[in-house]
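Visitor: Dropping in run-v7.cif, which is mmCIF, C-alpha atoms and all ligand atoms:
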data_query
#
loop_
_atom_site.label_atom_id
_atom_site.label_comp_id
_atom_site.auth_asym_id
_atom_site.auth_seq_id
_atom_site.Cartn_x
_atom_site.Cartn_y
_atom_site.Cartn_z
CA MET A 12 141.66 234.91 -204.34
CA SER A 13 143.99 233.44 -206.93
CA PHE A 14 144.76 229.79 -207.48
CA ASP A 15 147.57 228.21 -209.39
CA PHE A 16 146.55 225.82 -212.16
CA ASP A 17 149.57 226.61 -214.31
CA SER A 18 152.32 224.90 -212.29
CA VAL A 19 153.29 221.52 -213.63
CA VAL A 20 153.25 218.74 -211.02
CA ASP A 21 155.36 215.77 -212.06
CA ARG A 22 153.18 212.68 -211.56
CA ARG A 23 155.29 210.11 -213.39
CA ASP A 24 156.84 208.63 -210.24
CA THR A 25 153.82 208.74 -207.97
CA ASP A 26 152.13 205.44 -208.85
CA SER A 27 149.57 207.39 -210.79
CA LEU A 28 147.42 205.14 -212.98
CA LYS A 29 147.35 207.88 -215.60
CA TRP A 30 151.08 208.63 -215.70
CA SER A 31 153.06 205.64 -214.45
CA ARG A 32 152.76 203.74 -217.73
CA TYR A 33 154.76 206.59 -219.34
CA ARG A 34 157.56 206.66 -216.76
CA GLY A 35 160.86 207.29 -218.51
CA THR A 36 159.16 208.50 -221.71
CA ASP A 37 158.14 211.87 -223.08
CA VAL A 38 154.50 210.90 -223.69
CA ILE A 39 151.88 213.37 -222.38
CA SER A 40 149.17 211.39 -220.62
CA MET A 41 145.63 212.55 -221.28
CA TRP A 42 143.72 209.28 -221.35
CA LEU A 43 142.33 208.88 -217.83
CA ALA A 44 139.76 211.18 -216.21
CA ASP A 45 141.68 212.68 -213.33
CA MET A 46 143.18 216.17 -213.30
CA ASP A 47 146.85 217.14 -213.14
CA PHE A 48 146.18 219.87 -210.56
CA ARG A 49 146.86 219.65 -206.84
CA ALA A 50 143.72 219.34 -204.76
CA PRO A 51 142.55 222.59 -203.09
CA GLU A 52 144.46 223.69 -200.01
CA PRO A 53 141.56 223.17 -197.52
CA VAL A 54 141.39 219.53 -198.67
CA LEU A 55 145.15 219.11 -198.20
CA GLU A 56 144.92 220.72 -194.77
CA ALA A 57 142.03 218.46 -193.70
CA LEU A 58 144.03 215.43 -194.82
CA ARG A 59 147.15 216.60 -192.93
CA ARG A 60 145.09 217.02 -189.78
CA ARG A 61 143.49 213.61 -190.16
CA VAL A 62 146.86 211.94 -190.80
CA GLU A 63 148.35 213.69 -187.78
CA HIS A 64 145.71 212.03 -185.62
CA GLY A 65 147.38 208.78 -186.54
CA VAL A 66 144.56 206.27 -186.03
CA PHE A 67 142.82 204.91 -189.12
CA GLY A 68 140.08 202.63 -187.87
CA TYR A 69 136.85 201.93 -189.75
CA ALA A 70 135.06 205.16 -190.49
CA ARG A 71 131.46 206.31 -190.59
CA PRO A 72 130.15 209.36 -192.45
CA PRO A 73 130.75 212.57 -190.47
CA GLU A 74 127.37 214.12 -189.57
CA GLU A 75 128.61 217.43 -190.91
CA LEU A 76 129.29 215.89 -194.32
CA THR A 77 125.71 214.63 -194.58
CA HIS A 78 124.52 218.08 -193.58
CA VAL A 79 126.80 219.77 -196.15
CA VAL A 80 125.56 217.48 -198.95
CA ILE A 81 121.93 218.19 -198.03
CA GLU A 82 122.61 221.93 -197.98
CA ARG A 83 124.33 221.68 -201.35
CA MET A 84 121.36 219.91 -202.95
CA THR A 85 118.97 222.50 -201.52
CA GLN A 86 121.02 225.49 -202.61
CA LYS A 87 122.01 224.29 -206.06
CA TYR A 88 118.87 222.44 -207.12
CA GLN A 89 116.13 223.27 -204.59
CA TRP A 90 116.18 219.54 -203.96
CA ARG A 91 115.22 218.62 -200.39
CA VAL A 92 117.16 215.46 -199.64
CA LYS A 93 116.70 213.59 -196.35
CA PRO A 94 119.75 212.15 -194.53
CA SER A 95 118.36 208.60 -194.82
CA TRP A 96 118.30 208.85 -198.65
CA ILE A 97 122.11 209.10 -198.84
CA VAL A 98 124.11 205.90 -199.31
CA TRP A 99 127.88 206.42 -199.00
CA LEU A 100 130.07 204.47 -201.41
CA PRO A 101 133.79 204.08 -202.16
CA GLY A 102 133.13 204.80 -205.85
CA LEU A 103 130.45 205.11 -208.46
CA VAL A 104 131.54 202.20 -210.63
CA PRO A 105 130.54 199.79 -207.82
CA ALA A 106 127.22 201.65 -207.72
CA LEU A 107 126.63 200.95 -211.43
CA HIS A 108 127.24 197.26 -210.76
CA ALA A 109 125.05 197.25 -207.65
CA ALA A 110 122.23 198.93 -209.61
CA CYS A 111 122.40 196.26 -212.34
CA ARG A 112 122.27 193.51 -209.71
CA ALA A 113 119.63 195.12 -207.50
CA PHE A 114 117.02 196.02 -210.08
CA ALA A 115 117.26 193.32 -212.77
CA GLU A 116 117.17 189.51 -212.78
CA ASP A 117 119.72 187.45 -214.70
CA GLY A 118 118.95 187.73 -218.40
CA ASP A 119 117.00 190.97 -218.00
CA GLU A 120 118.12 194.01 -219.95
CA VAL A 121 120.02 197.10 -218.94
CA VAL A 122 119.81 199.97 -221.39
CA THR A 123 122.27 202.80 -221.99
CA PHE A 124 123.13 205.46 -224.58
CA THR A 125 126.40 205.22 -226.53
CA PRO A 126 129.13 206.37 -226.77
CA ILE A 127 129.47 206.00 -223.02
CA TYR A 128 131.98 205.71 -220.17
CA PRO A 129 133.11 202.04 -220.51
CA PRO A 130 131.84 200.68 -217.14
CA PHE A 131 128.29 201.43 -218.34
CA LEU A 132 128.91 198.75 -220.98
CA SER A 133 130.72 196.24 -218.78
CA ALA A 134 128.66 196.48 -215.56
CA PRO A 135 125.50 194.93 -217.04
CA LEU A 136 127.40 192.05 -218.67
CA LEU A 137 129.50 191.32 -215.57
CA SER A 138 126.22 191.34 -213.63
CA ARG A 139 124.75 188.70 -216.01
CA LYS A 140 122.31 191.12 -217.63
CA ARG A 141 121.83 191.73 -221.30
CA LEU A 142 123.03 195.07 -222.57
CA ARG A 143 120.97 197.17 -224.95
CA THR A 144 122.76 200.19 -226.38
CA ILE A 145 120.96 203.10 -228.01
CA PRO A 146 123.25 205.40 -230.02
CA LEU A 147 122.99 209.09 -229.15
CA ARG A 148 121.79 211.20 -232.06
CA ARG A 149 123.75 214.21 -233.29
CA GLN A 150 121.64 217.29 -233.86
CA GLN A 151 122.96 220.81 -234.56
CA ASN A 152 126.50 219.78 -233.60
CA LEU A 153 125.49 218.34 -230.24
CA TYR A 154 124.60 214.84 -229.19
CA THR A 155 121.18 214.15 -227.74
CA PHE A 156 119.06 211.16 -226.76
CA ASP A 157 117.28 209.33 -229.53
CA ALA A 158 113.98 209.10 -227.68
CA GLU A 159 112.11 207.41 -230.56
CA ARG A 160 114.72 204.72 -230.88
CA LEU A 161 114.76 204.22 -227.11
CA GLU A 162 110.99 203.81 -227.15
CA SER A 163 111.07 201.35 -230.05
CA GLU A 164 113.97 199.22 -228.78
CA ILE A 165 112.98 198.82 -225.15
CA SER A 166 111.67 195.32 -224.52
CA SER A 167 109.56 193.71 -221.84
CA ARG A 168 112.85 192.55 -220.24
CA SER A 169 114.30 196.09 -219.97
CA ARG A 170 114.59 196.90 -216.26
CA VAL A 171 117.26 199.56 -215.74
CA LEU A 172 118.40 202.62 -217.69
CA LEU A 173 121.96 203.81 -216.97
CA LEU A 174 122.07 207.51 -217.72
CA CYS A 175 125.12 209.76 -217.68
CA ASN A 176 124.46 213.48 -217.10
CA PRO A 177 126.67 215.38 -217.77
CA HIS A 178 127.68 212.82 -220.35
CA ASN A 179 131.14 211.27 -220.47
CA PRO A 180 132.51 211.28 -223.20
CA VAL A 181 130.38 213.68 -225.30
CA GLY A 182 130.34 216.53 -222.76
CA ARG A 183 126.61 217.20 -222.90
CA ARG A 184 124.74 218.90 -220.07
CA TYR A 185 121.25 217.66 -220.78
CA GLU A 186 118.29 220.02 -220.66
CA ARG A 187 115.18 219.44 -218.63
CA ASP A 188 113.03 218.45 -221.65
CA GLU A 189 115.55 215.93 -222.95
CA LEU A 190 115.77 214.29 -219.54
CA ARG A 191 112.03 214.35 -219.02
CA ARG A 192 111.37 212.52 -222.27
CA VAL A 193 113.75 209.70 -221.30
CA ALA A 194 112.44 209.56 -217.74
CA GLU A 195 108.87 209.30 -218.99
CA THR A 196 109.84 206.32 -221.13
CA CYS A 197 111.23 204.72 -217.96
CA ILE A 198 107.95 205.36 -216.19
CA ALA A 199 105.96 203.89 -219.08
CA HIS A 200 108.09 200.72 -219.02
CA ASP A 201 108.44 200.52 -215.24
CA MET A 202 112.24 200.86 -215.36
CA VAL A 203 114.64 202.07 -212.69
CA LEU A 204 116.67 205.09 -213.74
CA CYS A 205 120.25 205.18 -212.53
CA SER A 206 121.52 208.71 -213.12
CA ASP A 207 125.30 209.10 -212.87
CA GLU A 208 125.89 212.79 -212.17
CA ILE A 209 129.56 212.60 -211.11
CA HIS A 210 130.43 215.51 -213.46
CA CYS A 211 127.61 217.80 -212.23
CA ASP A 212 129.95 220.36 -210.62
CA LEU A 213 131.99 220.72 -213.82
CA ILE A 214 129.56 222.73 -215.95
CA LEU A 215 131.51 224.92 -218.38
CA ASP A 216 128.77 226.60 -220.40
CA GLY A 217 127.11 228.41 -217.50
CA GLY A 218 123.86 226.49 -217.88
CA PRO A 219 122.15 224.66 -215.05
CA HIS A 220 122.73 221.04 -214.19
CA VAL A 221 119.37 219.33 -213.76
CA PRO A 222 119.43 216.30 -211.47
CA THR A 223 117.09 213.77 -213.04
CA ALA A 224 115.38 213.11 -209.70
CA THR A 225 114.26 216.76 -209.46
CA LEU A 226 112.07 216.54 -212.57
CA SER A 227 109.02 215.27 -210.68
CA GLU A 228 108.01 213.21 -207.66
CA GLU A 229 107.09 210.33 -209.92
CA ILE A 230 110.53 210.37 -211.54
CA ALA A 231 112.29 210.75 -208.15
CA ALA A 232 110.51 207.61 -206.97
CA ARG A 233 112.29 205.48 -209.58
CA THR A 234 115.65 207.27 -209.76
CA ILE A 235 118.91 206.58 -208.03
CA THR A 236 121.31 209.51 -208.35
CA LEU A 237 125.08 209.03 -208.18
CA MET A 238 127.36 211.90 -207.19
CA ALA A 239 130.84 212.47 -205.76
CA PRO A 240 133.32 215.26 -205.02
CA SER A 241 136.02 213.15 -206.69
CA LYS A 242 136.18 214.57 -210.24
CA THR A 243 135.67 218.19 -209.29
CA PHE A 244 138.20 218.46 -206.48
CA ASN A 245 140.64 215.93 -207.95
CA ILE A 246 140.36 213.36 -205.18
CA PRO A 247 139.14 210.24 -207.06
CA GLY A 248 141.93 208.14 -205.53
CA LEU A 249 140.48 208.81 -202.08
CA ASN A 250 137.31 206.87 -202.86
CA CYS A 251 134.37 208.79 -201.50
CA ALA A 252 131.07 208.95 -203.37
CA PHE A 253 127.37 208.63 -202.66
CA ALA A 254 123.99 207.66 -204.04
CA ILE A 255 120.78 209.54 -203.28
CA ILE A 256 117.81 207.18 -203.31
CA GLN A 257 114.49 208.58 -202.21
CA ASN A 258 112.42 205.42 -202.68
CA GLU A 259 112.87 203.27 -199.61
CA GLY A 260 112.25 200.00 -201.47
CA LEU A 261 114.84 200.79 -204.13
CA ARG A 262 117.27 201.91 -201.44
CA ARG A 263 116.88 198.64 -199.55
CA ARG A 264 117.46 196.59 -202.71
CA PHE A 265 120.47 198.68 -203.68
CA LYS A 266 122.04 198.33 -200.23
CA ARG A 267 121.43 194.59 -200.22
CA ALA A 268 123.14 194.19 -203.62
CA ARG A 269 126.35 195.80 -202.40
CA GLU A 270 126.35 194.18 -198.95
CA GLY A 271 129.57 192.39 -198.02
CA ILE A 272 131.15 193.16 -201.38
CA VAL A 273 131.46 196.93 -201.54
CA PRO A 274 133.53 198.30 -198.64
CA GLY A 275 132.79 201.47 -196.71
CA VAL A 276 134.45 204.81 -197.30
CA ASN A 277 137.79 205.35 -195.55
CA ALA A 278 138.55 208.11 -193.04
CA LEU A 279 140.68 210.14 -195.45
CA GLY A 280 138.00 210.02 -198.15
CA PHE A 281 135.40 211.41 -195.75
CA ALA A 282 137.76 214.12 -194.46
CA ALA A 283 138.62 215.22 -198.01
CA ALA A 284 134.98 215.18 -199.15
CA LEU A 285 133.87 217.35 -196.24
CA ALA A 286 136.59 219.95 -196.81
CA ALA A 287 135.94 219.91 -200.57
CA TYR A 288 132.22 220.54 -200.36
CA ARG A 289 132.36 222.89 -197.35
CA ASP A 290 135.45 225.00 -197.99
CA CYS A 291 136.41 224.91 -201.67
CA GLU A 292 133.75 226.76 -203.68
CA PRO A 293 136.12 229.66 -204.59
CA TRP A 294 138.66 227.09 -205.83
CA ARG A 295 135.95 225.30 -207.84
CA LEU A 296 134.83 228.52 -209.50
CA ALA A 297 138.43 229.34 -210.45
CA LEU A 298 138.88 225.80 -211.75
CA ILE A 299 135.80 226.18 -213.98
CA GLU A 300 137.25 229.40 -215.42
CA TYR A 301 140.56 227.67 -216.13
CA LEU A 302 138.91 224.61 -217.67
CA ARG A 303 136.69 226.82 -219.80
CA GLY A 304 139.84 228.54 -221.12
CA ASN A 305 141.42 225.16 -221.87
CA LYS A 306 138.26 223.95 -223.55
CA ASP A 307 138.17 227.01 -225.82
CA ILE A 308 141.79 226.39 -226.81
CA VAL A 309 141.15 222.70 -227.60
CA TYR A 310 137.91 223.42 -229.44
CA ARG A 311 139.42 226.10 -231.67
CA PHE A 312 142.67 224.23 -232.26
CA ILE A 313 141.08 220.91 -233.19
CA ASN A 314 138.41 222.41 -235.43
CA GLU A 315 140.52 225.12 -237.08
CA GLN A 316 144.10 223.89 -237.07
CA VAL A 317 144.12 220.14 -237.36
CA PRO A 318 142.87 218.78 -240.66
CA ARG A 319 140.57 215.75 -240.51
CA LEU A 320 139.86 216.06 -236.77
CA SER A 321 136.75 217.69 -235.33
CA MET A 322 134.90 218.00 -232.04
CA ASP A 323 131.66 219.43 -230.66
CA ASP A 324 131.50 222.01 -227.93
CA VAL A 325 132.00 220.66 -224.39
CA GLN A 326 129.20 221.94 -222.15
CA ALA A 327 130.47 220.06 -219.11
CA THR A 328 133.30 217.74 -217.95
CA TYR A 329 136.97 218.26 -218.86
CA LEU A 330 136.86 215.75 -221.68
CA ALA A 331 136.99 216.48 -225.40
CA TRP A 332 135.44 213.85 -227.67
CA ILE A 333 137.33 214.05 -230.92
CA ASP A 334 136.15 212.60 -234.22
CA ALA A 335 139.26 211.10 -235.82
CA THR A 336 137.41 208.92 -238.33
CA GLY A 337 138.65 211.26 -241.09
CA LEU A 338 142.17 209.92 -240.56
CA GLY A 339 141.11 206.52 -241.88
CA LEU A 340 143.23 204.76 -239.25
CA SER A 341 142.24 201.48 -237.64
CA ASN A 342 143.61 202.65 -234.28
CA PRO A 343 143.95 206.43 -233.88
CA ARG A 344 144.79 206.01 -230.16
CA GLU A 345 147.97 204.09 -231.03
CA PHE A 346 148.81 206.62 -233.73
CA PHE A 347 148.62 209.54 -231.29
CA GLU A 348 150.48 207.67 -228.57
CA ALA A 349 153.35 207.07 -231.02
CA ALA A 350 153.27 210.83 -231.63
CA GLY A 351 153.69 211.51 -227.89
CA VAL A 352 150.12 212.02 -226.66
CA SER A 353 148.16 209.34 -224.83
CA LEU A 354 144.41 209.58 -225.43
CA CYS A 355 141.58 207.18 -224.65
CA GLY A 356 140.46 205.10 -227.63
CA GLY A 357 136.83 205.47 -228.68
CA ALA A 358 136.31 201.73 -229.12
CA HIS A 359 136.04 201.35 -225.32
CA PHE A 360 133.11 203.77 -225.42
CA GLY A 361 131.41 202.00 -228.32
CA ALA A 362 132.69 204.40 -231.02
CA GLU A 363 135.65 203.30 -233.14
CA GLY A 364 137.61 206.08 -234.79
CA TYR A 365 137.12 208.55 -231.95
CA VAL A 366 139.51 209.55 -229.18
CA ARG A 367 138.90 211.27 -225.83
CA LEU A 368 141.29 213.95 -224.62
CA ASN A 369 141.41 215.09 -220.98
CA PHE A 370 142.19 218.82 -220.96
CA ALA A 371 142.38 219.23 -217.15
CA CYS A 372 146.08 220.04 -217.12
CA PRO A 373 148.32 223.11 -217.06
CA ARG A 374 147.90 225.14 -220.24
CA ALA A 375 151.56 224.78 -221.25
CA ILE A 376 151.15 220.99 -221.33
CA LEU A 377 147.89 221.26 -223.23
CA THR A 378 149.34 223.44 -225.97
CA GLU A 379 152.36 221.15 -226.33
CA ALA A 380 150.05 218.15 -226.69
CA LEU A 381 147.92 219.92 -229.30
CA ASP A 382 151.03 220.83 -231.29
CA ARG A 383 152.04 217.18 -231.25
CA LEU A 384 148.60 216.10 -232.50
CA LYS A 385 148.73 218.64 -235.31
CA HIS A 386 152.24 217.66 -236.31
CA ALA A 387 151.28 213.96 -236.41
CA VAL A 388 148.17 214.56 -238.50
CA THR A 389 149.94 216.93 -240.87
CA THR A 390 152.78 214.46 -241.36
CA LEU A 391 150.25 211.70 -242.04
CA ALA A 392 148.49 213.87 -244.62
CA ASP A 393 151.85 214.61 -246.31
CA SER A 394 152.97 210.99 -246.41
CA PRO A 395 152.45 209.13 -249.71
C1 LIG B 401 130.41 208.99 -215.62
C2 LIG B 401 131.42 208.43 -214.65
N1 LIG B 401 131.01 207.64 -213.66
C3 LIG B 401 131.89 207.11 -212.78
C4 LIG B 401 133.24 207.36 -212.88
C5 LIG B 401 134.20 206.76 -211.92
O1 LIG B 401 133.68 206.75 -210.68
P1 LIG B 401 134.49 206.17 -209.42
O2 LIG B 401 135.92 206.55 -209.58
O3 LIG B 401 133.81 206.87 -208.29
O4 LIG B 401 134.24 204.70 -209.42
C6 LIG B 401 133.70 208.17 -213.93
C7 LIG B 401 135.15 208.40 -214.10
O5 LIG B 401 135.61 208.89 -215.08
C8 LIG B 401 132.78 208.71 -214.83
O6 LIG B 401 133.17 209.52 -215.83
#
Would you put the structure from the file into structure tokens?
Ligand SMILES: Cc1ncc(COP(=O)(O)O)c(C=O)c1O
Guide:
Amino acid sequence: MSFDFDSVVDRRDTDSLKWSRYRGTDVISMWLADMDFRAPEPVLEALRRRVEHGVFGYARPPEELTHVVIERMTQKYQWRVKPSWIVWLPGLVPALHAACRAFAEDGDEVVTFTPIYPPFLSAPLLSRKRLRTIPLRRQQNLYTFDAERLESEISSRSRVLLLCNPHNPVGRRYERDELRRVAETCIAHDMVLCSDEIHCDLILDGGPHVPTATLSEEIAARTITLMAPSKTFNIPGLNCAFAIIQNEGLRRRFKRAREGIVPGVNALGFAAALAAYRDCEPWRLALIEYLRGNKDIVYRFINEQVPRLSMDDVQATYLAWIDATGLGLSNPREFFEAAGVSLCGGAHFGAEGYVRLNFACPRAILTEALDRLKHAVTTLADSP
């Protein structure tokens, strides 16, 4: 079966968060983490059918969706999830906030590894917790956890570890041993592990994704896992996600923290999620092939053709984390935007001088954007 990822869909006049700020301009938008591809046809068909029904009352999770998620966990990870462990959510950012509120008292510490997706940095503070950041360590051109530093910096007030696997923005798919080391530190310090695995179906290097909770029973008992079909099937605006929480006590506290504040999932979100997980595996596999091709282009271009920029390999996600510190600019994001490419600035992730590029777009757009980056950097190098 063939799928079309090459056609350009104009999103500038669709109230897209990613594109609407560039309405009427020629800027290529690559800052936000959604894809420029249409969702798979079975998802579109499920939505058409649901819209045709015409009634949009409060929704509850379709039984088949719960069944499909459980099947998926069994098949992909040999992880036997019970229906009661699943907590449906309209997004994973609210889950990060709920985790900070559920498992730590005011003034307690929430720990995370930087650079990191910005809500990992803001959720603890907005939840009146202290934030402790542990920089990832770079080893053989890949980032990894600094387990020694984690061990030495954790305090008696550290209660929650927010983990991102695969990791936005550095694109790591963590190995079993790396995860185990961090999880064991959480056990030793009696911390709850909140493992955001939203990018788990976007593995580009062929390796396995290891859900943290599958490492051992002891680790599962203190882990809350966050997943969603949103990134993979390009339906993040439909707001359907879920947590898997095996430990009944943790689940109760988590549910209480979100009660009355976090709304339920809407009918369209459930319909899209079911079709995505049940009917779209061939589309997902084709998407991975396409993204892998895009990743290879970005990786080679940035490292071989653009002076003073570099990036590591991207094992997972559709995000390239580019080291632009060599440019010596105070704000590389602004510099690239002026050159016609909108990237996400590294400062939001806790790493000034870096930029994040979303390569989930038609290849023609990607190559145009890369040419613009090269031209801007070359012109800068040539200027007095
Ligand atoms: C690691 C991670 N978690 C959560 C989200 C957003 O989740 P949601 O849209 O479900 O709130 C993103 C979006 O980029 C992400 O990269």
Visitor: Counting only C-alpha atoms, which of A:Glu159, A:His200, A:Trp90, A:Glu120 gets nearest to Thr225 (chain A)?
Guide: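 When distances to Thr225 (chain A) are compared using only C-alpha atoms, the smallest one comes from A:Trp90.
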Visitor: Ranking A:Ala57, A:Leu296, A:Cys111, A:Ala268 by minimum distance to Ser13 (chain A) and counting all atoms listed in the file, which one comes first?
Guide: A:Leu296
Visitor: Give me, as CSV, the closest atom pair and its distance (Å, one decimal) for every residue of chain A within a cut-off of 7 Å of ligand LIG 401 (chain B), counting all atoms listed in the file, rows sorted by chain and rising number.
Guide:
residue,atom,partner,partner_atom,distance
A:Ala44,CA,B:LIG401,O5,4.9
A:Pro101,CA,B:LIG401,O3,6.7
A:Gly102,CA,B:LIG401,O3,3.3
A:Leu103,CA,B:LIG401,O3,3.8
A:Val104,CA,B:LIG401,O4,3.9
A:Pro105,CA,B:LIG401,O4,6.4
A:Tyr128,CA,B:LIG401,C1,5.8
A:Cys175,CA,B:LIG401,C1,5.7
A:His178,CA,B:LIG401,C1,6.7
A:Asn179,CA,B:LIG401,O6,5.4
A:Asp207,CA,B:LIG401,C1,5.8
A:Glu208,CA,B:LIG401,C1,6.8
A:Ile209,CA,B:LIG401,N1,5.8
A:His210,CA,B:LIG401,C1,6.9
A:Ala239,CA,B:LIG401,O3,6.8
A:Ser241,CA,B:LIG401,O3,6.8
A:Pro247,CA,B:LIG401,O2,5.5
A:Asn250,CA,B:LIG401,O3,6.5
A:Ala252,CA,B:LIG401,O3,6.0
Visitor: Identify which of the residues A:Arg59, A:Arg263, A:Lys306, A:Arg34 lies closest to Ala371 (chain A), counting all atoms listed in the file when measuring atom-to-atom distances.
Guide: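 That would be A:Lys306, the residue with the smallest distance to Ala371 (chain A).
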Visitor: Please identify all polymer residues within 12 Å of Ala106 (chain A), counting all atoms listed in the file, omitting same-chain residues fewer than 3 positions from it, and present them as a PyMOL selection string.
Guide: chain A and resi 98-103+109-114+130-131+134-135+138+173+205-207+209+235-239+251-256+262+265-270+272-274
Visitor: Report as an NGL selection string all protein, DNA and RNA residues lying within 12 Å of Met202 (chain A), evaluated on all atoms listed in the file, omitting residues in the same chain fewer than 5 positions from it.
Guide: :A and (110-111 or 114-115 or 119-122 or 165-173 or 193-197 or 230 or 232-235 or 261)
Visitor: So that I can check the surroundings of Gly118 (chain A), please list as a VMD selection string every protein, DNA and RNA residue that reaches within 7 Å of it, counting only C-alpha atoms and ignoring chain neighbours fewer than 4 positions away.
Guide: chain A and resid 139 to 141
Visitor: Those residues you just picked out, can you put them in a file as a tab-separated table (two decimals), in the coordinates of the input with C-alpha atoms?
Guide:
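New file part25.tsv:
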chain	number	residue	atom	x	y	z
A	139	ARG	CA	124.75	188.70	-216.01
A	140	LYS	CA	122.31	191.12	-217.63
A	141	ARG	CA	121.83	191.73	-221.30
Visitor: Work out how far CA of Leu215 (chain A) is from CA of Ile299 (chain A), in Å to one decimal.
Guide: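 Spanning CA of Ile299 (chain A) to CA of Leu215 (chain A) is a straight-line distance of 6.3 Å.
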Visitor: Mind filling out region 258-263 of chain A with all heavy atoms and sending it as a compact mmCIF listing (two decimals), in the coordinates of the input?
Guide:
# COMPACT_ATOMS: atom_id res chain seq x y z
N ASN A 258 113.36 206.54 -202.84
CA ASN A 258 112.42 205.42 -202.68
C ASN A 258 113.01 204.36 -201.73
O ASN A 258 114.05 203.76 -202.02
CB ASN A 258 112.15 204.83 -204.07
CG ASN A 258 111.19 203.67 -204.04
OD1 ASN A 258 111.29 202.79 -203.19
ND2 ASN A 258 110.26 203.69 -204.98
N GLU A 259 112.31 204.15 -200.64
CA GLU A 259 112.87 203.27 -199.61
C GLU A 259 113.08 201.84 -200.11
O GLU A 259 114.06 201.17 -199.77
CB GLU A 259 111.94 203.28 -198.39
CG GLU A 259 112.60 202.71 -197.16
CD GLU A 259 111.63 202.56 -196.00
OE1 GLU A 259 110.60 203.26 -195.98
OE2 GLU A 259 111.92 201.72 -195.13
N GLY A 260 112.13 201.36 -200.93
CA GLY A 260 112.25 200.00 -201.47
C GLY A 260 113.47 199.86 -202.36
O GLY A 260 114.24 198.90 -202.25
N LEU A 261 113.67 200.83 -203.24
CA LEU A 261 114.84 200.79 -204.13
C LEU A 261 116.12 200.88 -203.30
O LEU A 261 117.11 200.20 -203.60
CB LEU A 261 114.80 201.94 -205.13
CG LEU A 261 113.70 201.96 -206.19
CD1 LEU A 261 113.97 203.08 -207.20
CD2 LEU A 261 113.59 200.63 -206.92
N ARG A 262 116.07 201.73 -202.29
CA ARG A 262 117.27 201.91 -201.44
C ARG A 262 117.65 200.60 -200.75
O ARG A 262 118.80 200.20 -200.69
CB ARG A 262 116.99 203.01 -200.42
CG ARG A 262 118.24 203.55 -199.76
CD ARG A 262 117.96 204.87 -199.10
NE ARG A 262 117.01 204.79 -198.01
CZ ARG A 262 115.85 205.43 -197.94
NH1 ARG A 262 115.46 206.21 -198.92
NH2 ARG A 262 115.05 205.29 -196.90
N ARG A 263 116.62 199.91 -200.25
CA ARG A 263 116.88 198.64 -199.55
C ARG A 263 117.51 197.63 -200.51
O ARG A 263 118.47 196.95 -200.20
CB ARG A 263 115.57 198.09 -198.97
CG ARG A 263 115.79 197.19 -197.78
CD ARG A 263 114.52 196.70 -197.12
NE ARG A 263 113.46 197.67 -196.99
CZ ARG A 263 112.27 197.61 -197.62
NH1 ARG A 263 112.03 196.62 -198.48
NH2 ARG A 263 111.35 198.53 -197.45
